[in-house]
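Visitor: As input, take input-v2.pdb (PDB, C-alpha atoms):
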ATOM      1  CA  MET A   1      -1.645  50.526 -51.963
ATOM      2  CA  ILE A   2      -4.998  50.077 -53.707
ATOM      3  CA  ASN A   3      -4.976  46.598 -55.224
ATOM      4  CA  VAL A   4      -7.884  45.849 -57.529
ATOM      5  CA  ALA A   5      -8.482  42.545 -59.315
ATOM      6  CA  LEU A   6     -10.847  41.537 -62.100
ATOM      7  CA  CYS A   7     -11.301  38.148 -63.749
ATOM      8  CA  THR A   8     -12.163  37.873 -67.409
ATOM      9  CA  ASP A   9     -11.979  35.910 -70.621
ATOM     10  CA  ASN A  10     -11.970  37.179 -74.203
ATOM     11  CA  ASN A  11     -15.753  37.589 -74.195
ATOM     12  CA  TYR A  12     -15.697  40.145 -71.383
ATOM     13  CA  ALA A  13     -12.245  41.680 -71.830
ATOM     14  CA  SER A  14     -13.446  44.871 -73.549
ATOM     15  CA  HIS A  15     -16.000  45.491 -70.770
ATOM     16  CA  CYS A  16     -13.335  44.710 -68.191
ATOM     17  CA  ALA A  17     -11.074  47.362 -69.755
ATOM     18  CA  ILE A  18     -13.832  49.970 -69.394
ATOM     19  CA  CYS A  19     -14.246  49.065 -65.735
ATOM     20  CA  VAL A  20     -10.481  49.456 -65.254
ATOM     21  CA  THR A  21     -10.656  52.846 -66.962
ATOM     22  CA  SER A  22     -13.290  54.015 -64.481
ATOM     23  CA  ILE A  23     -11.116  52.827 -61.586
ATOM     24  CA  LEU A  24      -7.989  54.614 -62.752
ATOM     25  CA  GLU A  25      -9.808  57.741 -63.921
ATOM     26  CA  ASN A  26     -11.218  58.274 -60.420
ATOM     27  CA  ASN A  27      -8.084  57.274 -58.491
ATOM     28  CA  LYS A  28      -5.363  59.194 -60.319
ATOM     29  CA  LYS A  29      -3.756  60.423 -57.110
ATOM     30  CA  SER A  30      -3.717  56.997 -55.458
ATOM     31  CA  ASP A  31      -1.066  54.313 -55.612
ATOM     32  CA  CYS A  32      -2.949  51.633 -57.564
ATOM     33  CA  CYS A  33      -2.148  48.237 -59.016
ATOM     34  CA  VAL A  34      -4.666  46.347 -61.157
ATOM     35  CA  TYR A  35      -4.610  42.588 -61.642
ATOM     36  CA  ILE A  36      -6.387  40.976 -64.594
ATOM     37  CA  ILE A  37      -6.810  37.235 -64.042
ATOM     38  CA  THR A  38      -7.608  35.284 -67.190
ATOM     39  CA  ASP A  39      -7.341  31.905 -68.882
ATOM     40  CA  GLY A  40      -5.809  33.621 -71.912
ATOM     41  CA  LEU A  41      -6.500  36.795 -73.908
ATOM     42  CA  SER A  42      -6.128  37.705 -77.556
ATOM     43  CA  GLU A  43      -3.413  40.128 -78.586
ATOM     44  CA  GLU A  44      -6.037  42.818 -79.181
ATOM     45  CA  ASN A  45      -7.510  42.454 -75.692
ATOM     46  CA  THR A  46      -4.098  42.304 -74.029
ATOM     47  CA  SER A  47      -3.216  45.508 -75.850
ATOM     48  CA  ARG A  48      -6.163  47.331 -74.271
ATOM     49  CA  PHE A  49      -4.675  46.834 -70.821
ATOM     50  CA  LYS A  50      -1.159  47.742 -71.931
ATOM     51  CA  GLN A  51      -2.432  51.002 -73.369
ATOM     52  CA  LEU A  52      -4.389  51.814 -70.216
ATOM     53  CA  SER A  53      -1.292  51.154 -68.129
ATOM     54  CA  ASN A  54       0.654  53.606 -70.287
ATOM     55  CA  VAL A  55      -2.067  56.262 -70.222
ATOM     56  CA  TYR A  56      -2.445  56.293 -66.433
ATOM     57  CA  ALA A  57       1.132  55.284 -65.539
ATOM     58  CA  LYS A  58      -0.224  52.558 -63.256
ATOM     59  CA  PRO A  59       0.737  48.870 -63.312
ATOM     60  CA  ILE A  60      -1.833  46.524 -64.858
ATOM     61  CA  ARG A  61      -0.729  42.919 -64.543
ATOM     62  CA  VAL A  62      -2.377  40.422 -66.875
ATOM     63  CA  ILE A  63      -1.923  37.001 -65.306
ATOM     64  CA  LYS A  64      -2.885  33.651 -66.781
ATOM     65  CA  ALA A  65      -4.662  31.592 -64.150
ATOM     66  CA  ASP A  66      -3.596  28.117 -63.160
ATOM     67  CA  ILE A  67      -6.991  26.409 -63.111
ATOM     68  CA  SER A  68      -5.804  22.959 -62.148
ATOM     69  CA  GLY A  69      -8.281  21.744 -59.551
ATOM     70  CA  TYR A  70     -11.077  23.874 -60.985
ATOM     71  CA  GLU A  71     -11.835  21.941 -64.187
ATOM     72  CA  GLN A  72     -14.519  19.784 -62.547
ATOM     73  CA  LEU A  73     -16.406  22.669 -60.930
ATOM     74  CA  PRO A  74     -19.811  23.454 -62.475
ATOM     75  CA  VAL A  75     -20.442  26.323 -64.874
ATOM     76  CA  THR A  76     -23.740  27.798 -66.090
ATOM     77  CA  ASN A  77     -25.021  29.289 -69.323
ATOM     78  CA  HIS A  78     -24.106  32.792 -68.165
ATOM     79  CA  LEU A  79     -21.229  32.078 -65.760
ATOM     80  CA  GLY A  80     -18.099  30.483 -67.167
ATOM     81  CA  ARG A  81     -14.999  29.073 -65.502
ATOM     82  CA  SER A  82     -13.648  32.573 -64.883
ATOM     83  CA  MET A  83     -16.130  33.042 -62.003
ATOM     84  CA  TYR A  84     -13.776  30.892 -59.910
ATOM     85  CA  PHE A  85     -10.602  32.847 -60.685
ATOM     86  CA  ARG A  86     -11.208  35.153 -57.703
ATOM     87  CA  PHE A  87     -10.475  32.175 -55.443
ATOM     88  CA  LEU A  88      -6.874  32.339 -56.720
ATOM     89  CA  LEU A  89      -6.242  35.919 -55.624
ATOM     90  CA  PRO A  90      -4.576  35.149 -52.252
ATOM     91  CA  ASP A  91      -1.856  33.292 -54.171
ATOM     92  CA  ILE A  92      -1.473  35.972 -56.860
ATOM     93  CA  VAL A  93      -1.866  39.410 -55.304
ATOM     94  CA  GLU A  94       0.955  40.906 -53.320
ATOM     95  CA  GLY A  95      -0.188  42.551 -50.107
ATOM     96  CA  ASP A  96      -2.856  42.185 -47.444
ATOM     97  CA  THR A  97      -5.975  43.474 -49.209
ATOM     98  CA  VAL A  98      -7.475  43.401 -52.680
ATOM     99  CA  LEU A  99     -10.745  44.678 -54.064
ATOM    100  CA  TYR A 100     -12.283  42.109 -56.382
ATOM    101  CA  LEU A 101     -14.733  43.511 -58.954
ATOM    102  CA  ASP A 102     -16.954  41.892 -61.562
ATOM    103  CA  CYS A 103     -16.474  43.261 -65.080
ATOM    104  CA  ASP A 104     -20.018  44.700 -65.387
ATOM    105  CA  ILE A 105     -19.147  47.522 -63.006
ATOM    106  CA  ILE A 106     -18.007  51.137 -63.050
ATOM    107  CA  VAL A 107     -16.244  52.946 -60.223
ATOM    108  CA  ARG A 108     -17.406  56.552 -59.832
ATOM    109  CA  HIS A 109     -15.247  57.921 -57.008
ATOM    110  CA  SER A 110     -12.033  57.387 -55.063
ATOM    111  CA  LEU A 111     -11.561  54.010 -53.387
ATOM    112  CA  GLU A 112      -9.391  55.372 -50.581
ATOM    113  CA  GLU A 113     -12.202  55.416 -47.998
ATOM    114  CA  LEU A 114     -13.221  51.856 -48.848
ATOM    115  CA  PHE A 115      -9.643  50.652 -48.386
ATOM    116  CA  ASN A 116      -9.594  52.147 -44.898
ATOM    117  CA  THR A 117     -12.165  49.537 -43.821
ATOM    118  CA  ASN A 118     -10.996  47.461 -40.855
ATOM    119  CA  LEU A 119     -11.037  43.792 -41.937
ATOM    120  CA  GLU A 120      -9.387  42.355 -38.837
ATOM    121  CA  GLY A 121     -10.773  38.897 -38.070
ATOM    122  CA  VAL A 122     -12.977  38.639 -41.177
ATOM    123  CA  ALA A 123     -12.500  37.283 -44.688
ATOM    124  CA  CYS A 124     -14.181  40.070 -46.672
ATOM    125  CA  GLY A 125     -16.101  43.276 -46.712
ATOM    126  CA  VAL A 126     -19.275  42.665 -48.735
ATOM    127  CA  VAL A 127     -22.558  44.282 -49.770
ATOM    128  CA  GLU A 128     -25.945  42.680 -49.382
ATOM    129  CA  ASP A 129     -27.530  41.350 -52.551
ATOM    130  CA  GLN A 130     -30.367  43.353 -54.115
ATOM    131  CA  ASN A 131     -32.598  40.309 -53.437
ATOM    132  CA  GLY A 132     -31.042  39.607 -50.082
ATOM    133  CA  ASP A 133     -34.258  38.681 -48.254
ATOM    134  CA  ASP A 134     -35.626  36.441 -51.015
ATOM    135  CA  LEU A 135     -35.998  32.950 -49.562
ATOM    136  CA  ARG A 136     -35.337  31.509 -53.021
ATOM    137  CA  LEU A 137     -31.712  32.501 -52.437
ATOM    138  CA  HIS A 138     -31.522  31.173 -48.879
ATOM    139  CA  ASN A 139     -33.511  27.945 -48.905
ATOM    140  CA  PRO A 140     -31.574  26.017 -51.606
ATOM    141  CA  ILE A 141     -28.315  26.455 -49.677
ATOM    142  CA  MET A 142     -29.861  26.376 -46.166
ATOM    143  CA  MET A 143     -28.138  29.612 -45.194
ATOM    144  CA  PHE A 144     -30.269  32.171 -43.345
ATOM    145  CA  SER A 145     -27.855  34.978 -42.511
ATOM    146  CA  ARG A 146     -27.635  38.077 -44.717
ATOM    147  CA  TYR A 147     -26.962  37.040 -48.317
ATOM    148  CA  PHE A 148     -24.345  39.103 -50.137
ATOM    149  CA  ASN A 149     -23.581  39.774 -53.779
ATOM    150  CA  SER A 150     -20.156  38.441 -54.775
ATOM    151  CA  GLY A 151     -19.514  41.028 -57.509
ATOM    152  CA  VAL A 152     -17.636  43.267 -55.065
ATOM    153  CA  LEU A 153     -15.389  41.693 -52.445
ATOM    154  CA  LEU A 154     -12.933  43.621 -50.295
ATOM    155  CA  MET A 155     -10.741  40.624 -49.470
ATOM    156  CA  ASN A 156      -8.557  40.178 -46.407
ATOM    157  CA  LEU A 157      -5.898  38.095 -48.138
ATOM    158  CA  ASN A 158      -4.087  37.123 -44.949
ATOM    159  CA  TYR A 159      -7.321  35.650 -43.579
ATOM    160  CA  TRP A 160      -7.877  33.706 -46.797
ATOM    161  CA  ARG A 161      -4.344  32.334 -46.672
ATOM    162  CA  GLN A 162      -4.385  31.410 -42.987
ATOM    163  CA  HIS A 163      -7.774  29.657 -43.177
ATOM    164  CA  SER A 164      -7.390  28.056 -46.636
ATOM    165  CA  VAL A 165     -10.649  29.696 -47.698
ATOM    166  CA  ALA A 166     -10.190  28.860 -51.377
ATOM    167  CA  GLN A 167      -9.954  25.145 -50.629
ATOM    168  CA  GLN A 168     -13.032  25.341 -48.396
ATOM    169  CA  LEU A 169     -14.948  26.907 -51.277
ATOM    170  CA  ILE A 170     -13.827  24.245 -53.743
ATOM    171  CA  ASP A 171     -14.739  21.462 -51.308
ATOM    172  CA  TRP A 172     -18.232  22.881 -50.715
ATOM    173  CA  ILE A 173     -18.971  23.242 -54.430
ATOM    174  CA  LYS A 174     -17.771  19.694 -55.130
ATOM    175  CA  MET A 175     -19.916  18.381 -52.278
ATOM    176  CA  ARG A 176     -23.096  19.925 -53.681
ATOM    177  CA  LYS A 177     -25.277  17.517 -55.626
ATOM    178  CA  ALA A 178     -28.008  19.913 -56.773
ATOM    179  CA  ALA A 179     -27.379  22.505 -59.500
ATOM    180  CA  LEU A 180     -26.931  26.096 -58.362
ATOM    181  CA  MET A 181     -27.815  29.322 -60.167
ATOM    182  CA  CYS A 182     -24.664  31.058 -58.895
ATOM    183  CA  PRO A 183     -22.200  28.404 -57.692
ATOM    184  CA  ASP A 184     -19.424  30.812 -56.707
ATOM    185  CA  GLN A 185     -21.718  33.278 -54.939
ATOM    186  CA  ASP A 186     -23.619  30.580 -53.061
ATOM    187  CA  ALA A 187     -20.363  28.950 -51.968
ATOM    188  CA  LEU A 188     -18.990  32.260 -50.710
ATOM    189  CA  ASN A 189     -22.153  32.942 -48.705
ATOM    190  CA  VAL A 190     -22.163  29.516 -47.041
ATOM    191  CA  VAL A 191     -18.440  29.136 -46.371
ATOM    192  CA  LEU A 192     -17.996  32.718 -45.168
ATOM    193  CA  GLU A 193     -21.187  32.911 -43.114
ATOM    194  CA  ASN A 194     -20.535  35.138 -40.074
ATOM    195  CA  ARG A 195     -16.994  35.772 -41.342
ATOM    196  CA  VAL A 196     -17.695  38.965 -43.314
ATOM    197  CA  ILE A 197     -18.614  42.541 -42.544
ATOM    198  CA  PHE A 198     -21.343  44.295 -44.489
ATOM    199  CA  LEU A 199     -20.454  47.538 -46.225
ATOM    200  CA  ASP A 200     -22.753  50.371 -47.274
ATOM    201  CA  TYR A 201     -24.861  49.714 -50.356
ATOM    202  CA  LYS A 202     -22.980  52.479 -52.173
ATOM    203  CA  TYR A 203     -20.016  50.131 -52.601
ATOM    204  CA  ASN A 204     -21.986  47.676 -54.747
ATOM    205  CA  PHE A 205     -25.081  49.499 -55.892
ATOM    206  CA  GLN A 206     -26.946  46.927 -57.927
ATOM    207  CA  GLN A 207     -29.451  47.624 -60.649
ATOM    208  CA  GLY A 208     -32.488  46.369 -58.730
ATOM    209  CA  MET A 209     -31.810  49.001 -56.084
ATOM    210  CA  TYR A 210     -32.956  51.714 -58.489
ATOM    211  CA  THR A 211     -36.540  50.488 -58.477
ATOM    212  CA  ASP A 212     -39.190  51.958 -56.180
ATOM    213  CA  LYS A 213     -40.360  48.442 -55.320
ATOM    214  CA  LEU A 214     -37.570  46.976 -53.208
ATOM    215  CA  VAL A 215     -39.687  43.898 -52.629
ATOM    216  CA  TRP A 216     -36.820  41.485 -51.944
ATOM    217  CA  LEU A 217     -35.307  43.600 -49.155
ATOM    218  CA  ARG A 218     -36.975  44.213 -45.791
ATOM    219  CA  ALA A 219     -38.537  47.654 -45.418
ATOM    220  CA  ASP A 220     -36.204  48.663 -42.584
ATOM    221  CA  LYS A 221     -33.331  48.591 -45.120
ATOM    222  CA  TRP A 222     -35.016  50.846 -47.687
ATOM    223  CA  PRO A 223     -33.834  54.195 -46.217
ATOM    224  CA  SER A 224     -30.185  53.080 -46.504
ATOM    225  CA  VAL A 225     -30.665  51.949 -50.103
ATOM    226  CA  ILE A 226     -32.472  55.146 -51.068
ATOM    227  CA  GLY A 227     -29.812  57.275 -49.369
ATOM    228  CA  ASP A 228     -26.951  55.535 -51.187
ATOM    229  CA  ARG A 229     -28.806  55.738 -54.494
ATOM    230  CA  LYS A 230     -27.984  59.436 -54.724
ATOM    231  CA  ASP A 231     -24.246  59.008 -55.301
ATOM    232  CA  PRO A 232     -22.952  55.413 -55.288
ATOM    233  CA  VAL A 233     -19.220  54.762 -55.405
ATOM    234  CA  ILE A 234     -19.439  51.449 -57.272
ATOM    235  CA  VAL A 235     -22.275  50.752 -59.715
ATOM    236  CA  HIS A 236     -23.037  47.158 -60.648
ATOM    237  CA  PHE A 237     -25.010  46.522 -63.848
ATOM    238  CA  THR A 238     -26.689  43.325 -62.678
ATOM    239  CA  ALA A 239     -29.557  43.098 -65.184
ATOM    240  CA  GLY A 240     -29.424  40.899 -68.270
ATOM    241  CA  GLU A 241     -29.288  44.013 -70.424
ATOM    242  CA  LYS A 242     -25.790  45.353 -69.817
ATOM    243  CA  PRO A 243     -24.537  48.877 -70.672
ATOM    244  CA  TRP A 244     -22.929  47.506 -73.844
ATOM    245  CA  HIS A 245     -26.404  46.463 -75.050
ATOM    246  CA  LYS A 246     -28.724  48.707 -77.042
ATOM    247  CA  ASP A 247     -31.671  47.911 -74.763
ATOM    248  CA  CYS A 248     -29.948  48.691 -71.454
ATOM    249  CA  ALA A 249     -32.290  50.794 -69.303
ATOM    250  CA  HIS A 250     -29.926  51.554 -66.439
ATOM    251  CA  PRO A 251     -30.133  55.202 -65.284
ATOM    252  CA  LEU A 252     -26.318  55.491 -65.285
ATOM    253  CA  GLN A 253     -25.664  53.820 -68.625
ATOM    254  CA  SER A 254     -24.375  57.139 -69.977
ATOM    255  CA  GLU A 255     -21.548  57.043 -67.426
ATOM    256  CA  TYR A 256     -20.391  53.680 -68.778
ATOM    257  CA  ASP A 257     -20.472  55.238 -72.252
ATOM    258  CA  HIS A 258     -18.414  58.151 -70.957
ATOM    259  CA  TYR A 259     -15.549  55.855 -69.974
ATOM    260  CA  MET A 260     -15.889  53.826 -73.160
ATOM    261  CA  LEU A 261     -15.478  56.968 -75.265
ATOM    262  CA  LEU A 262     -12.405  58.292 -73.458
ATOM    263  CA  TYR A 263      -9.998  56.344 -75.678
ATOM    264  CA  PRO A 264     -10.475  54.883 -79.180
ATOM    265  CA  PHE A 265      -9.135  51.458 -78.181
ATOM    266  CA  LEU A 266     -12.052  51.057 -75.712
ATOM    267  CA  SER A 267     -14.793  51.538 -78.298
ATOM    268  CA  GLU A 268     -17.492  48.855 -78.434
ATOM    269  CA  GLU A 269     -20.272  48.191 -80.925
ATOM    270  CA  LYS A 270     -23.510  47.825 -78.978
ATOM    271  CA  THR A 271     -25.734  44.823 -79.579
ATOM    272  CA  LEU A 272     -29.117  43.651 -78.311
ATOM    273  CA  GLY A 273     -29.048  41.883 -74.974
ATOM    274  CA  HIS A 274     -31.103  38.905 -76.124
ATOM    275  CA  LYS A 275     -32.265  36.986 -79.184
ATOM    276  CA  TRP A 276     -35.324  38.336 -81.012
ATOM    277  CA  TYR A 277     -37.615  35.643 -79.623
ATOM    278  CA  PHE A 278     -36.865  36.728 -76.052
ATOM    279  CA  TYR A 279     -38.556  40.070 -76.713
ATOM    280  CA  LEU A 280     -41.529  38.367 -78.346
ATOM    281  CA  VAL A 281     -42.038  36.036 -75.389
ATOM    282  CA  GLU A 282     -41.532  38.904 -72.930
ATOM    283  CA  SER A 283     -44.191  40.972 -74.700
ATOM    284  CA  VAL A 284     -46.705  38.120 -74.619
ATOM    285  CA  ILE A 285     -46.027  37.391 -70.934
ATOM    286  CA  ASN A 286     -46.473  41.057 -69.983
ATOM    287  CA  LYS A 287     -49.814  41.207 -71.793
ATOM    288  CA  LEU A 288     -51.000  38.021 -70.129
ATOM    289  CA  LYS A 289     -49.850  39.320 -66.755
ATOM    290  CA  GLY A 290     -51.854  42.503 -67.312
ATOM    291  CA  CYS A 291     -54.967  40.483 -68.125
ATOM    292  CA  TYR A 292     -54.422  38.321 -65.051
ATOM    293  CA  HIS A 293     -54.093  41.335 -62.737
ATOM    294  CA  TRP A 294     -57.172  42.950 -64.307
ATOM    295  CA  TYR A 295     -59.207  39.798 -63.689
ATOM    296  CA  ARG A 296     -58.125  39.564 -60.056
ATOM    297  CA  ARG A 297     -58.925  43.231 -59.374
ATOM    298  CA  LYS A 298     -62.290  42.888 -61.111
ATOM    299  CA  ASN A 299     -63.163  40.036 -58.780
ATOM    300  CA  GLY A 300     -61.884  41.685 -55.615
ATOM    301  CA  MET A 301     -58.857  39.465 -55.301
ATOM    302  CA  ILE A 302     -55.394  40.437 -54.022
ATOM    303  CA  VAL A 303     -52.943  41.373 -56.780
ATOM    304  CA  ASN A 304     -49.311  40.461 -56.294
ATOM    305  CA  GLU A 305     -47.341  43.003 -58.358
ATOM    306  CA  VAL A 306     -43.974  41.234 -57.981
TER     307      VAL A 306
END
Using structure tokens, write down the structure from this file.
Guide:
Amino acid sequence: MINVALCTDNNYASHCAICVTSILENNKKSDCCVYIITDGLSEENTSRFKQLSNVYAKPIRVIKADISGYEQLPVTNHLGRSMYFRFLLPDIVEGDTVLYLDCDIIVRHSLEELFNTNLEGVACGVVEDQNGDDLRLHNPIMMFSRYFNSGVLLMNLNYWRQHSVAQQLIDWIKMRKAALMCPDQDALNVVLENRVIFLDYKYNFQQGMYTDKLVWLRADKWPSVIGDRKDPVIVHFTAGEKPWHKDCAHPLQSEYDHYMLLYPFLSEEKTLGHKWYFYLVESVINKLKGCYHWYRRKNGMIVNEV
């Protein structure tokens, strides 16, 4: 059984439905069950999942999360309470394994091979973050093992249940005094340190991995990234400009559009990714950066292109 779970609210439900479409479209011959964990959806958004379930003849279970115990956990401007819903999956999903996915993802191929991964003795199968060797990720949480991206988690549910992993995560987040950019991801990296296995990059191919300057990953990892770039299984749109934005520059944006256009009830109206003043400030900063680099080159100084 291929169990897949996504967590969403009304703001991301339409994007979540497109991700689910990509999963089911590429796993038609597999026995799949999709779980949608939410704090409540509108009738329109709930209908999207009902229609997908009918189209593909696969169960899609929309489940309202019990967030008691999570109300005091921190949120950020871009990460709401739903980021913690994945911690609930061991109590919700039937079975031993579930693939958790963020909503800003498309699945391009069968998941059968991924689900054959041996998770004995570990909590999750994970993929290294696109900035995995950036000390700005490691130093604030004092964790110096490989840092993974939490947007794709192949979860060993029995391990989570036996070791009360969810409670460990909650306790660590509550213990933290300093603000975190990604509270859920940082908690997962610290609590599960040395209790995960790292999967190929193709199972969470993040947007920064498409650049030629992989400056936040050690050079010995570049061949693996470049090799998996050719045909990733799971594509993660990690930039601020998502595929539902007019200014998305992702090389596989058209594939997201393909799934969006398969059925009328998935259609989205694209918007800009930011407010107008963001683009003005970005333009000014880029011009100033160009002047700065020119000055340093002119005076024989080292230019840091990062």
Visitor: Quick one, how far is CA of Leu6 in chain A from CA of Leu101 in chain A?
Guide: 5.4 Å
Visitor: To verify the selection step, state as a VMD selection string which residues the PyMOL selection byres ((chain A and resi 183-187) around 9) yields on this input.
Guide: chain A and resid 73 to 76 79 83 to 84 137 to 138 141 147 to 151 168 to 170 172 to 173 179 to 182 188 to 192
Visitor: For Gln206 in chain A, which residue among A:Gln253, A:Asn286, A:Asn11, A:Thr238 is the nearest when counting all atoms listed in the file?
Guide: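 Looking only at the distances to Gln206 in chain A, the closest residue turns out to be A:Thr238.
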Visitor: Provide the CA of Ser145 in chain A to CA of Val225 in chain A distance in Å, to one decimal place.
Guide: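 Pair CA of Ser145 in chain A / CA of Val225 in chain A returns 18.8 Å.
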Visitor: So what do you get for CA of Pro251 in chain A versus CA of Leu217 in chain A, distance-wise?
Guide: 20.5 Å
Visitor: Within 12 Å of Gln207 in chain A, counting all atoms listed in the file, which residues show up once you throw out same-chain ones fewer than 6 positions away? Write them as a list in words, please.
Guide: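 Non-adjacent residues within range: Asp104, Ile105, Asp129, Gln130, Asn131, Asn149, Tyr201, Leu214, Val225, Arg229, Pro232, Ile234, Val235, His236, Phe237, Thr238, Ala239, Gly240, Glu241, Lys242, Pro243, Cys248, Ala249, His250, Pro251, Leu252 and Gln253 of chain A.
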Visitor: Evaluate the PyMOL selection byres ((chain A and resi 53-56) around 10) here and jot the selected residues down as a PyMOL selection string.
Guide: chain A and resi 20-21+24-25+27-28+33-34+47-52+57-61+263
Visitor: Please put the answer as JSON: centre and edge lengths, in Å with one decimal, of a box along x, y and z that encloses all listed atoms of range 160-172 of chain A plus 8 Å on each side.
Guide:
{"center_x": -11.3, "center_y": 27.6, "center_z": -48.4, "size_x": 29.9, "size_y": 28.2, "size_z": 26.8}
Visitor: For the file shown, report as a PDB file with C-alpha atoms, keeping the file's coordinate frame the outcome of the PyMOL selection byres ((chain A and resi 18) around 8) at residue level.
Guide:
ATOM      1  CA  SER A  14     -13.446  44.871 -73.549  1.00  0.00           C
ATOM      2  CA  HIS A  15     -16.000  45.491 -70.770  1.00  0.00           C
ATOM      3  CA  CYS A  16     -13.335  44.710 -68.191  1.00  0.00           C
ATOM      4  CA  ALA A  17     -11.074  47.362 -69.755  1.00  0.00           C
ATOM      5  CA  CYS A  19     -14.246  49.065 -65.735  1.00  0.00           C
ATOM      6  CA  VAL A  20     -10.481  49.456 -65.254  1.00  0.00           C
ATOM      7  CA  THR A  21     -10.656  52.846 -66.962  1.00  0.00           C
ATOM      8  CA  SER A  22     -13.290  54.015 -64.481  1.00  0.00           C
ATOM      9  CA  ILE A 106     -18.007  51.137 -63.050  1.00  0.00           C
ATOM     10  CA  TYR A 256     -20.391  53.680 -68.778  1.00  0.00           C
ATOM     11  CA  TYR A 259     -15.549  55.855 -69.974  1.00  0.00           C
ATOM     12  CA  MET A 260     -15.889  53.826 -73.160  1.00  0.00           C
ATOM     13  CA  LEU A 266     -12.052  51.057 -75.712  1.00  0.00           C
TER      14      LEU A 266
END
Visitor: Quick one: residues within 10 Å of Arg218 in chain A, only C-alpha atoms counted, chain neighbours fewer than 6 positions away excluded, as a list in words?
Guide: Asn131, Gly132, Asp133 and Asp134 of chain A
Visitor: Those residues you just picked out, can you put them in a file as a PDB file, in the coordinates of the input with C-alpha atoms?
Guide:
ATOM      1  CA  ASN A 131     -32.598  40.309 -53.437  1.00  0.00           C
ATOM      2  CA  GLY A 132     -31.042  39.607 -50.082  1.00  0.00           C
ATOM      3  CA  ASP A 133     -34.258  38.681 -48.254  1.00  0.00           C
ATOM      4  CA  ASP A 134     -35.626  36.441 -51.015  1.00  0.00           C
TER       5      ASP A 134
END
Visitor: Got a sec: who's within 10 Å of range 160-165 of chain A, counting all atoms listed in the file, leaving out chain neighbours fewer than 2 positions off, as a PyMOL selection string?
Guide: chain A and resi 87+89-91+96+122-124+155-158+167-171+188+191-192
Visitor: Which residue, A:Leu199, A:Asn3, A:Ser267, A:Leu119, has the smallest gap to Asp31 in chain A when you use all atoms listed in the file?
Guide: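 Closest to Asp31 in chain A of all the choices is A:Asn3.
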Visitor: May I ask which of the residues A:Ser224, A:Asn204, A:Ser82, A:Thr38 is the closest one to Leu153 in chain A, counting all atoms listed in the file?
Guide: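 Nearest candidate to Leu153 in chain A out of A:Ser224, A:Asn204, A:Ser82, A:Thr38: A:Asn204.
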Visitor: Please determine, counting only C-alpha atoms, which residue among A:Arg297, A:Glu112, A:Leu41, A:Leu135 has the shortest atom-to-atom distance to Ile63 in chain A.
Guide: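 When distances to Ile63 in chain A are compared using only C-alpha atoms, the smallest one comes from A:Leu41.
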Visitor: Ranking A:Ala5, A:Leu111, A:Glu44, A:Tyr35 by minimum distance to Phe265 in chain A and counting only C-alpha atoms, which one comes first?
Guide: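 Among A:Ala5, A:Leu111, A:Glu44, A:Tyr35, it is A:Glu44 that comes nearest to Phe265 in chain A.
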